Structures are given as structure tokens and as C-alpha cells.
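What follows is the content of start-v3.csv (CSV, C-alpha atoms and all ligand atoms).
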```csv
chain,number,residue,atom,x,y,z
A,1,MET,CA,20.0,-20.1,9.9
A,2,GLY,CA,19.0,-22.0,6.7
A,3,GLU,CA,17.8,-20.2,3.6
A,4,LEU,CA,14.2,-20.5,2.6
A,5,VAL,CA,14.9,-21.4,-1.0
A,6,GLY,CA,14.7,-25.2,-1.5
A,7,ALA,CA,14.0,-25.8,2.2
A,8,GLU,CA,10.3,-26.7,1.9
A,9,THR,CA,10.4,-29.2,4.7
A,10,THR,CA,12.5,-27.3,7.2
A,11,GLU,CA,11.4,-25.4,10.3
A,12,GLU,CA,12.4,-22.2,8.5
A,13,PHE,CA,9.8,-22.8,5.9
A,14,ARG,CA,7.1,-23.6,8.4
A,15,LYS,CA,7.8,-20.4,10.3
A,16,PHE,CA,7.6,-18.4,7.0
A,17,ILE,CA,4.2,-19.9,6.2
A,18,ALA,CA,2.9,-19.2,9.7
A,19,TYR,CA,4.1,-15.6,9.5
A,20,TYR,CA,2.6,-15.2,6.0
A,21,GLN,CA,-0.8,-16.3,7.3
A,22,GLN,CA,-0.4,-13.9,10.3
A,23,CYS,CA,0.3,-11.0,7.9
A,24,GLN,CA,-2.8,-12.0,5.8
A,25,ALA,CA,-4.8,-12.0,9.1
A,26,GLY,CA,-3.4,-8.5,9.8
A,27,ALA,CA,-4.6,-7.2,6.4
A,28,ASN,CA,-8.0,-8.7,7.1
A,29,GLU,CA,-8.2,-6.9,10.4
A,30,ILE,CA,-7.3,-3.6,8.7
A,31,GLY,CA,-9.8,-4.3,5.9
A,32,THR,CA,-12.6,-4.8,8.5
A,33,LYS,CA,-11.6,-1.6,10.4
A,34,LEU,CA,-11.7,0.4,7.1
A,35,ASP,CA,-15.0,-1.1,6.1
A,36,ASN,CA,-16.5,-0.2,9.5
A,37,LEU,CA,-15.2,3.4,9.2
A,38,ASP,CA,-16.6,3.8,5.7
A,39,SER,CA,-20.0,2.6,6.8
A,40,GLU,CA,-20.0,5.0,9.7
A,41,TYR,CA,-19.1,8.0,7.4
A,42,GLN,CA,-21.9,6.9,5.1
A,43,MET,CA,-24.4,7.0,8.0
A,44,ARG,CA,-23.0,10.2,9.5
A,45,ASP,CA,-22.2,12.3,6.5
A,46,ASN,CA,-24.0,10.6,3.7
A,47,HIS,CA,-20.7,10.2,1.9
A,48,ASN,CA,-18.4,7.2,1.5
A,49,PRO,CA,-14.7,8.2,1.6
A,50,ILE,CA,-13.6,4.8,0.3
A,51,HIS,CA,-14.3,4.0,-3.4
A,52,HIS,CA,-12.9,0.5,-3.1
A,53,MET,CA,-10.0,-1.5,-1.6
A,54,GLU,CA,-7.6,-4.1,-2.9
A,55,THR,CA,-5.7,-6.5,-0.6
A,56,ARG,CA,-2.5,-8.2,-1.8
A,57,MET,CA,0.0,-10.6,-0.3
A,58,LYS,CA,3.5,-10.0,-1.7
A,59,ALA,CA,4.4,-13.1,-3.8
A,60,PRO,CA,7.4,-15.0,-2.5
A,61,ALA,CA,9.4,-14.1,-5.7
A,62,SER,CA,8.8,-10.4,-5.0
A,63,LEU,CA,9.9,-10.9,-1.4
A,64,PHE,CA,13.1,-12.5,-2.5
A,65,LYS,CA,13.7,-9.8,-5.1
A,66,LYS,CA,13.3,-7.2,-2.3
A,67,LEU,CA,15.7,-9.1,0.0
A,68,ASP,CA,18.2,-9.1,-2.9
A,69,LYS,CA,17.7,-5.3,-3.4
A,70,LYS,CA,18.4,-4.8,0.3
A,71,GLN,CA,21.3,-7.2,0.2
A,72,LEU,CA,19.8,-9.4,2.8
A,73,PRO,CA,19.9,-13.2,3.0
A,74,LYS,CA,16.7,-15.1,2.0
A,75,THR,CA,15.8,-16.2,5.5
A,76,PHE,CA,12.7,-16.0,7.6
A,77,ASP,CA,14.4,-13.5,10.0
A,78,SER,CA,15.2,-11.2,7.1
A,79,ILE,CA,11.6,-11.1,6.0
A,80,HIS,CA,10.3,-10.8,9.5
A,81,ASP,CA,12.7,-8.0,10.6
A,82,HIS,CA,13.0,-6.0,7.4
A,83,ILE,CA,10.1,-6.5,5.0
A,84,LEU,CA,7.1,-4.5,6.2
A,85,ASP,CA,4.9,-4.9,3.2
A,86,VAL,CA,4.3,-8.7,3.2
A,87,ALA,CA,0.6,-7.8,3.5
A,88,GLY,CA,-0.6,-4.7,1.7
A,89,ILE,CA,-4.0,-3.0,1.4
A,90,ARG,CA,-4.7,-0.3,-1.2
A,91,VAL,CA,-7.4,2.1,-0.3
A,92,ILE,CA,-8.8,4.1,-3.2
A,93,THR,CA,-10.7,7.1,-2.0
A,94,ASN,CA,-13.3,9.3,-3.8
A,95,TYR,CA,-11.7,12.7,-3.0
A,96,LEU,CA,-8.3,14.0,-2.0
A,97,SER,CA,-9.5,15.0,1.5
A,98,ASP,CA,-10.8,11.5,2.1
A,99,ILE,CA,-7.2,10.3,2.2
A,100,ASP,CA,-6.5,12.2,5.4
A,101,THR,CA,-10.0,11.5,6.8
A,102,VAL,CA,-9.5,7.7,6.5
A,103,ALA,CA,-5.8,7.7,7.5
A,104,ASP,CA,-6.5,9.8,10.6
A,105,ALA,CA,-9.5,7.8,11.7
A,106,LEU,CA,-7.6,4.5,11.3
A,107,THR,CA,-4.4,5.5,12.9
A,108,SER,CA,-6.1,7.1,15.9
A,109,GLN,CA,-7.5,3.7,16.9
A,110,SER,CA,-5.9,2.5,20.2
A,111,ASP,CA,-4.7,-0.8,18.8
A,112,ILE,CA,-3.0,0.7,15.8
A,113,THR,CA,0.7,1.9,15.8
A,114,VAL,CA,2.1,3.8,12.9
A,115,LEU,CA,5.5,2.3,12.1
A,116,LYS,CA,6.3,4.3,8.9
A,117,ARG,CA,4.7,7.1,6.9
A,118,LYS,CA,5.7,8.2,3.4
A,119,ASP,CA,3.8,11.1,2.0
A,120,TYR,CA,4.1,10.9,-1.8
A,121,ILE,CA,1.2,13.3,-2.2
A,122,ASN,CA,2.9,16.4,-0.8
A,123,HIS,CA,6.2,15.0,-2.0
A,124,PRO,CA,5.5,13.0,-5.3
A,125,LYS,CA,8.2,10.6,-6.5
A,126,PRO,CA,10.4,11.7,-9.4
A,127,SER,CA,8.2,9.5,-11.7
A,128,GLY,CA,5.1,11.6,-10.7
A,129,TYR,CA,3.7,8.9,-8.5
A,130,ARG,CA,1.4,10.1,-5.7
A,131,SER,CA,0.0,8.1,-2.8
A,132,LEU,CA,0.2,8.1,1.0
A,133,HIS,CA,2.0,5.1,2.3
A,134,LEU,CA,1.6,4.0,5.9
A,135,VAL,CA,2.9,0.9,7.6
A,136,VAL,CA,0.9,0.2,10.7
A,137,SER,CA,1.1,-2.5,13.3
A,138,VAL,CA,-2.1,-4.3,14.3
A,139,PRO,CA,-2.5,-7.1,16.9
A,140,VAL,CA,-3.4,-10.5,15.4
A,141,PHE,CA,-4.8,-12.8,18.0
A,142,ARG,CA,-3.2,-16.3,17.8
A,143,THR,CA,-3.7,-19.3,20.1
A,144,ASP,CA,-0.8,-18.0,22.3
A,145,GLY,CA,-2.0,-14.4,22.4
A,146,PRO,CA,-1.8,-11.2,20.4
A,147,VAL,CA,1.1,-10.6,18.0
A,148,ASP,CA,1.8,-7.1,16.5
A,149,THR,CA,1.8,-7.5,12.8
A,150,PRO,CA,2.8,-5.0,10.1
A,151,VAL,CA,0.5,-4.1,7.2
A,152,GLU,CA,1.3,-1.6,4.5
A,153,ILE,CA,-1.6,0.7,3.5
A,154,GLN,CA,-1.4,2.7,0.3
A,155,LEU,CA,-4.0,5.4,0.2
A,156,ARG,CA,-4.8,7.2,-3.1
A,157,THR,CA,-7.6,8.8,-5.0
A,158,VAL,CA,-9.3,7.3,-8.0
A,159,GLY,CA,-7.2,9.6,-10.3
A,160,MET,CA,-3.9,8.7,-8.5
A,161,ASP,CA,-4.8,5.0,-8.8
A,162,MET,CA,-5.6,5.3,-12.5
A,163,TRP,CA,-2.3,7.0,-13.2
A,164,ALA,CA,-0.3,4.5,-11.0
A,165,SER,CA,-1.9,1.5,-12.6
A,166,LEU,CA,-1.4,2.6,-16.2
A,167,GLU,CA,2.1,3.9,-15.5
A,168,HIS,CA,3.0,0.6,-13.9
A,169,LYS,CA,1.7,-1.2,-17.0
A,170,LEU,CA,3.8,1.0,-19.3
A,171,ARG,CA,6.9,0.5,-17.2
A,172,TYR,CA,6.6,-3.2,-16.6
A,173,LYS,CA,5.3,-4.3,-20.0
A,174,THR,CA,8.0,-6.8,-20.6
A,175,ASP,CA,8.2,-6.4,-24.4
A,176,VAL,CA,9.0,-2.6,-24.1
A,177,ASP,CA,12.5,-1.3,-23.9
A,178,PRO,CA,12.7,0.6,-20.6
A,179,ASP,CA,14.5,3.5,-22.3
A,180,LYS,CA,11.5,4.1,-24.5
A,181,VAL,CA,9.4,4.7,-21.4
A,182,VAL,CA,11.9,7.1,-19.9
A,183,LYS,CA,11.5,9.3,-23.0
A,184,TYR,CA,7.9,9.9,-21.9
A,185,GLY,CA,8.8,10.8,-18.3
A,186,ASP,CA,7.9,14.5,-18.6
A,187,GLN,CA,4.6,13.7,-20.2
A,188,LEU,CA,3.7,11.2,-17.5
A,189,ARG,CA,4.7,13.6,-14.7
A,190,GLY,CA,2.5,16.2,-16.4
A,191,TYR,CA,-0.5,13.9,-16.6
A,192,ALA,CA,-0.1,13.2,-12.8
A,193,LYS,CA,-0.2,16.9,-12.2
A,194,GLU,CA,-3.2,17.5,-14.5
A,195,LEU,CA,-5.1,14.7,-12.8
A,196,ASN,CA,-4.3,16.3,-9.4
A,197,GLY,CA,-5.7,19.6,-10.7
A,198,ILE,CA,-8.9,17.9,-12.0
A,199,GLU,CA,-9.4,16.1,-8.7
A,200,THR,CA,-8.9,19.3,-6.7
A,201,ASN,CA,-11.6,21.0,-8.8
A,202,LEU,CA,-14.0,18.1,-8.5
A,203,GLN,CA,-13.5,18.2,-4.7
A,204,THR,CA,-14.3,21.9,-4.7
A,205,ILE,CA,-17.6,21.3,-6.5
A,206,PHE,CA,-18.4,18.5,-4.0
A,207,LYS,CA,-17.7,20.7,-1.0
A,208,LYS,CA,-19.9,23.5,-2.5
A,209,LEU,CA,-22.7,21.1,-3.1
A,210,GLN,CA,-22.4,19.8,0.5
A,211,ASP,CA,-22.6,23.2,2.1
B,1,LIG,P1,3.9,-4.2,-5.0
B,1,LIG,O1,3.5,-5.5,-5.5
B,1,LIG,O2,3.0,-3.1,-5.5
B,1,LIG,O3,4.2,-4.2,-3.6
B,1,LIG,P2,10.6,0.1,1.6
B,1,LIG,O4,9.4,-0.9,1.7
B,1,LIG,O5,10.3,1.4,2.3
B,1,LIG,O6,11.8,-0.5,1.9
B,1,LIG,P3,9.8,0.3,-1.2
B,1,LIG,O7,8.9,-0.9,-1.1
B,1,LIG,O8,10.7,0.4,-2.4
B,1,LIG,O9,10.7,0.5,0.1
B,1,LIG,O10,8.9,1.6,-1.0
B,1,LIG,P4,8.1,2.6,-1.9
B,1,LIG,O11,8.9,3.0,-3.2
B,1,LIG,O12,7.8,3.7,-1.0
B,1,LIG,O13,6.8,1.8,-2.4
B,1,LIG,C1,6.9,0.8,-3.3
B,1,LIG,C2,5.5,0.5,-3.9
B,1,LIG,O14,4.8,1.8,-4.2
B,1,LIG,C3,5.5,-0.2,-5.2
B,1,LIG,O15,5.4,-1.5,-4.9
B,1,LIG,C4,4.3,0.4,-5.9
B,1,LIG,O16,3.1,-0.3,-5.5
B,1,LIG,C5,4.3,1.8,-5.5
B,1,LIG,N1,5.1,2.7,-6.3
B,1,LIG,C6,6.2,3.4,-5.9
B,1,LIG,N2,6.7,4.1,-6.8
B,1,LIG,C7,5.9,4.0,-7.9
B,1,LIG,C8,5.9,4.5,-9.2
B,1,LIG,O17,6.8,5.3,-9.6
B,1,LIG,N3,4.9,4.1,-10.1
B,1,LIG,C9,4.0,3.2,-9.7
B,1,LIG,N4,3.0,2.9,-10.6
B,1,LIG,N5,3.9,2.7,-8.4
B,1,LIG,C10,4.9,3.0,-7.6
B,1,LIG,P5,6.1,-2.6,-5.9
B,1,LIG,O18,7.5,-2.8,-5.3
B,1,LIG,O19,6.0,-2.2,-7.3
B,1,LIG,O20,5.3,-3.9,-5.7
```
Could you write out this file's structure as C-alpha cells?
Amino acid sequence: MGELVGAETTEEFRKFIAYYQQCQAGANEIGTKLDNLDSEYQMRDNHNPIHHMETRMKAPASLFKKLDKKQLPKTFDSIHDHILDVAGIRVITNYLSDIDTVADALTSQSDITVLKRKDYINHPKPSGYRSLHLVVSVPVFRTDGPVDTPVEIQLRTVGMDMWASLEHKLRYKTDVDPDKVVKYGDQLRGYAKELNGIETNLQTIFKKLQD
């Protein structure tokens, strides 16, 4: 099995590109399903659970970094068999309860299989990070038939997304010594908790107004 690096013209590289496109198609399928669910909730309850969505394909450099971290060779098979987040979709919800609403509605669809679930909302990461991570398999219809394709879905509220995006910037800002960021760990965890409190209160107001 040849390595992908420097093998642009090989069969290995062609398989990788085809799979990359398949994963992108999987993310598109999930995006359409989520759009449809959001529209239905808007019609039914006069409330959109989804604030917005972002789709991303993992850059080849990040894929290779992940393979290195998992001590796997840089081959098509490694990516196909071990990397489940080649395609990712981030779903930003308006309220906390919208996360379960959207996750349950999507995963109960008959063509969706949940491959992995990580609940960083009830069990935040040591950094303070909160989100619900799901990896689902969705059929992508190719010329030779359907192929089950993994897509990672990160579901989080507007507040969780704000925290994650700013914390990510603080941590990965290349000109900052990582030790300097560690010093602010307690503060960052505290802000994540505060935001969670604020979002819980905002949801309570929303529910009262709805009743
Ligand atoms: P990108 O471009 O966002 O994907 P696994 O896939 O299960 O083998 P992995 O990928 O390490 O292992 O899983 P994890 O930690 O559950 O999820 C990784 C992704 O979650 C990260 O992707 C971030 O998007 C997000 N994330 C996890 N922890 C944190 C955190 O402490 N702070 C922030 N801001 N985001 C976090 P990547 O790898 O950064 O790349």
C-alpha cells in the first residue's frame, strides 16, 4: 500500500479524492436534512432551533496530523477506516434544548446510523469546552449504488460556539506561548460555566413566553 504523500498520480491518490468527494456529498445530505427539519419546526412551532450551520472538509494537512497522532500510516485505508471526521458540520442552535431536539430528529431518520456520540455538554472537556459530537453514517448514492458515509456533527448553542471559537483563537494564535494560555485555564472554564448559566436563564424566559 503506497503512501499518499508525493503520490499524486497513483491509484491511492485517486481513491482518496473520490472518497473526499463522497464525504463532501455526505455532509451535503446532512445539511439538507437539517435545513428541512429547521423549516418544519419553524412552520410547526414558530421557532427555528438552528441559528446557523457551518460545513468544513478536513484539510489534508490536518488529516495527516491526525494520522500521525494515532500513529497510523498516511494511506487511503487509514483515512477510510479510522478518520470519521473527514466531513464535518457544525450546527449552532438558538437554545440549549434545541440541541437535543435537532439531534433526536436527525438520528431517528431511518437512513441515519449513529456511529459515535460524545456528550461534552453533560461532561465538558477539561478546557471547559461544551458541545454534543455525533458521528453519523448517511448513504451517498453513487453510480454503483449507495455507500454509507461518515459525517461528524458538532451541535452547540450560540454561547458555546462563541466560547469555543474565541478559546480556539487564544490557544492556536501562533505568536503566543502556549504556557501563557494555560495560566488562564480557570478563567476560561469559569466563562464557559457563566455562559451556560446565562443560556439556561434565557431559555427559561423563552419557555415562559411560549406558554
Ligand atoms: P477541526 O478542524 O475543528 O476538526 P476522534 O475523532 O474521536 O478520534 P478527536 O478528533 O480528537 O478524536 O475528538 P474530539 O476531541 O472529541 O473533537 C475534536 C474537535 O472538537 C476539535 O477539532 C474542535 O473542533 C473541537 N474541540 C475539542 N476540544 C476543544 C477545546 O478544548 N476547545 C475548542 N475550542 N474546541 C475543541 P480540531 O481537531 O481542532 O479540528
Determine the nearest neighbour of A:Met53 from the options A:Val86, A:Ile79, A:Ile153, A:Ala18, counting all atoms listed in the file.
->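 So, comparing all the options, the nearest one is A:Ile153.
Picture a line from atom CA of A:Gln203 to atom CA of A:Asp98; it runs 9.9 Å.
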Within 8 Å of ligand LIG 1 (chain B) (only C-alpha atoms and all ligand atoms), residues as a list of chain:residue names =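 Residues lying within 8 Å of ligand LIG 1 (chain B): A:Arg56, A:Lys58, A:Ala59, A:Ser62, A:Lys66, A:His82, A:Ile83, A:Leu84, A:Asp85, A:Gly88, A:Lys118, A:Lys125, A:Pro126, A:Ser127, A:Gly128, A:Tyr129, A:Arg130, A:His133, A:Gln154, A:Trp163, A:Ala164, A:Ser165, A:Leu166, A:Glu167, A:His168, A:Lys169.
With all atoms listed in the file as the atoms that count, the residue of A:Leu115, A:Ile121, A:Ile50, A:Ala25 with the shortest distance to A:Val136 is A:Leu115.
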For the atom pair atom CA of A:His80 and atom CA of A:Thr143, what is the interatomic distance in Å to one decimal place?
-> 19.5 Å
Would you mind listing what lies within 12 Å of A:Leu132 as number ranges by chain, with all atoms listed in the file counted and same-chain residues fewer than 5 positions away left out?
-> A: 89-93, 96-100, 102-104, 116-125, 152-157, 160-161
Suppose you want the space between atom CA of A:Asp148 and atom CA of A:Gln22; what is it in Å?
->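 Between these atoms lies a distance of 9.5 Å.
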For stretch 70-97 of chain A, supply N, CA and C atoms and report the output as a PDB file, keeping the file's coordinate frame.
```
ATOM      1  N   LYS A  70      17.878  -5.273  -0.963  1.00  0.00           N
ATOM      2  CA  LYS A  70      18.400  -4.800   0.300  1.00  0.00           C
ATOM      3  C   LYS A  70      19.647  -5.514   0.760  1.00  0.00           C
ATOM      4  N   GLN A  71      20.138  -6.404  -0.107  1.00  0.00           N
ATOM      5  CA  GLN A  71      21.300  -7.200   0.200  1.00  0.00           C
ATOM      6  C   GLN A  71      21.223  -7.983   1.482  1.00  0.00           C
ATOM      7  N   LEU A  72      20.048  -8.626   1.643  1.00  0.00           N
ATOM      8  CA  LEU A  72      19.800  -9.400   2.800  1.00  0.00           C
ATOM      9  C   LEU A  72      19.654 -10.891   2.457  1.00  0.00           C
ATOM     10  N   PRO A  73      20.022 -11.809   3.363  1.00  0.00           N
ATOM     11  CA  PRO A  73      19.900 -13.200   3.000  1.00  0.00           C
ATOM     12  C   PRO A  73      18.417 -13.636   2.958  1.00  0.00           C
ATOM     13  N   LYS A  74      18.141 -14.673   2.179  1.00  0.00           N
ATOM     14  CA  LYS A  74      16.700 -15.100   2.000  1.00  0.00           C
ATOM     15  C   LYS A  74      16.330 -15.993   3.155  1.00  0.00           C
ATOM     16  N   THR A  75      16.222 -15.416   4.340  1.00  0.00           N
ATOM     17  CA  THR A  75      15.800 -16.200   5.500  1.00  0.00           C
ATOM     18  C   THR A  75      14.539 -15.629   6.095  1.00  0.00           C
ATOM     19  N   PHE A  76      13.939 -16.438   6.972  1.00  0.00           N
ATOM     20  CA  PHE A  76      12.700 -16.000   7.600  1.00  0.00           C
ATOM     21  C   PHE A  76      12.967 -14.721   8.432  1.00  0.00           C
ATOM     22  N   ASP A  77      14.091 -14.684   9.170  1.00  0.00           N
ATOM     23  CA  ASP A  77      14.400 -13.500  10.000  1.00  0.00           C
ATOM     24  C   ASP A  77      14.497 -12.229   9.161  1.00  0.00           C
ATOM     25  N   SER A  78      15.111 -12.344   7.973  1.00  0.00           N
ATOM     26  CA  SER A  78      15.200 -11.200   7.100  1.00  0.00           C
ATOM     27  C   SER A  78      13.847 -10.626   6.766  1.00  0.00           C
ATOM     28  N   ILE A  79      12.954 -11.546   6.384  1.00  0.00           N
ATOM     29  CA  ILE A  79      11.600 -11.100   6.000  1.00  0.00           C
ATOM     30  C   ILE A  79      10.894 -10.538   7.219  1.00  0.00           C
ATOM     31  N   HIS A  80      10.949 -11.255   8.319  1.00  0.00           N
ATOM     32  CA  HIS A  80      10.300 -10.800   9.500  1.00  0.00           C
ATOM     33  C   HIS A  80      10.755  -9.457  10.015  1.00  0.00           C
ATOM     34  N   ASP A  81      12.083  -9.250   9.971  1.00  0.00           N
ATOM     35  CA  ASP A  81      12.700  -8.000  10.600  1.00  0.00           C
ATOM     36  C   ASP A  81      12.733  -6.856   9.603  1.00  0.00           C
ATOM     37  N   HIS A  82      12.752  -7.125   8.282  1.00  0.00           N
ATOM     38  CA  HIS A  82      13.000  -6.000   7.400  1.00  0.00           C
ATOM     39  C   HIS A  82      12.003  -5.763   6.279  1.00  0.00           C
ATOM     40  N   ILE A  83      11.074  -6.686   6.069  1.00  0.00           N
ATOM     41  CA  ILE A  83      10.100  -6.500   5.000  1.00  0.00           C
ATOM     42  C   ILE A  83       8.744  -6.141   5.683  1.00  0.00           C
ATOM     43  N   LEU A  84       8.316  -4.915   5.534  1.00  0.00           N
ATOM     44  CA  LEU A  84       7.100  -4.500   6.200  1.00  0.00           C
ATOM     45  C   LEU A  84       5.855  -4.549   5.367  1.00  0.00           C
ATOM     46  N   ASP A  85       6.058  -4.905   4.086  1.00  0.00           N
ATOM     47  CA  ASP A  85       4.900  -4.900   3.200  1.00  0.00           C
ATOM     48  C   ASP A  85       4.576  -6.340   2.695  1.00  0.00           C
ATOM     49  N   VAL A  86       4.748  -7.327   3.566  1.00  0.00           N
ATOM     50  CA  VAL A  86       4.300  -8.700   3.200  1.00  0.00           C
ATOM     51  C   VAL A  86       2.841  -8.665   2.880  1.00  0.00           C
ATOM     52  N   ALA A  87       2.078  -7.987   3.743  1.00  0.00           N
ATOM     53  CA  ALA A  87       0.600  -7.800   3.500  1.00  0.00           C
ATOM     54  C   ALA A  87       0.415  -6.321   3.134  1.00  0.00           C
ATOM     55  N   GLY A  88      -0.348  -6.081   2.088  1.00  0.00           N
ATOM     56  CA  GLY A  88      -0.600  -4.700   1.700  1.00  0.00           C
ATOM     57  C   GLY A  88      -2.091  -4.521   1.372  1.00  0.00           C
ATOM     58  N   ILE A  89      -2.565  -3.328   1.700  1.00  0.00           N
ATOM     59  CA  ILE A  89      -4.000  -3.000   1.400  1.00  0.00           C
ATOM     60  C   ILE A  89      -3.959  -1.651   0.699  1.00  0.00           C
ATOM     61  N   ARG A  90      -4.602  -1.584  -0.439  1.00  0.00           N
ATOM     62  CA  ARG A  90      -4.700  -0.300  -1.200  1.00  0.00           C
ATOM     63  C   ARG A  90      -6.062   0.240  -1.009  1.00  0.00           C
ATOM     64  N   VAL A  91      -6.109   1.475  -0.552  1.00  0.00           N
ATOM     65  CA  VAL A  91      -7.400   2.100  -0.300  1.00  0.00           C
ATOM     66  C   VAL A  91      -7.578   3.228  -1.310  1.00  0.00           C
ATOM     67  N   ILE A  92      -8.568   3.062  -2.180  1.00  0.00           N
ATOM     68  CA  ILE A  92      -8.800   4.100  -3.200  1.00  0.00           C
ATOM     69  C   ILE A  92      -9.970   4.939  -2.691  1.00  0.00           C
ATOM     70  N   THR A  93      -9.678   6.245  -2.565  1.00  0.00           N
ATOM     71  CA  THR A  93     -10.700   7.100  -2.000  1.00  0.00           C
ATOM     72  C   THR A  93     -11.378   7.928  -3.142  1.00  0.00           C
ATOM     73  N   ASN A  94     -12.547   8.470  -2.819  1.00  0.00           N
ATOM     74  CA  ASN A  94     -13.300   9.300  -3.800  1.00  0.00           C
ATOM     75  C   ASN A  94     -12.609  10.619  -4.024  1.00  0.00           C
ATOM     76  N   TYR A  95     -12.306  11.306  -2.916  1.00  0.00           N
ATOM     77  CA  TYR A  95     -11.700  12.700  -3.000  1.00  0.00           C
ATOM     78  C   TYR A  95     -10.408  12.735  -2.294  1.00  0.00           C
ATOM     79  N   LEU A  96      -9.651  13.813  -2.613  1.00  0.00           N
ATOM     80  CA  LEU A  96      -8.300  14.000  -2.000  1.00  0.00           C
ATOM     81  C   LEU A  96      -8.423  14.080  -0.473  1.00  0.00           C
ATOM     82  N   SER A  97      -9.399  14.850   0.021  1.00  0.00           N
ATOM     83  CA  SER A  97      -9.500  15.000   1.500  1.00  0.00           C
ATOM     84  C   SER A  97      -9.870  13.737   2.196  1.00  0.00           C
TER      85      SER A  97
END
```
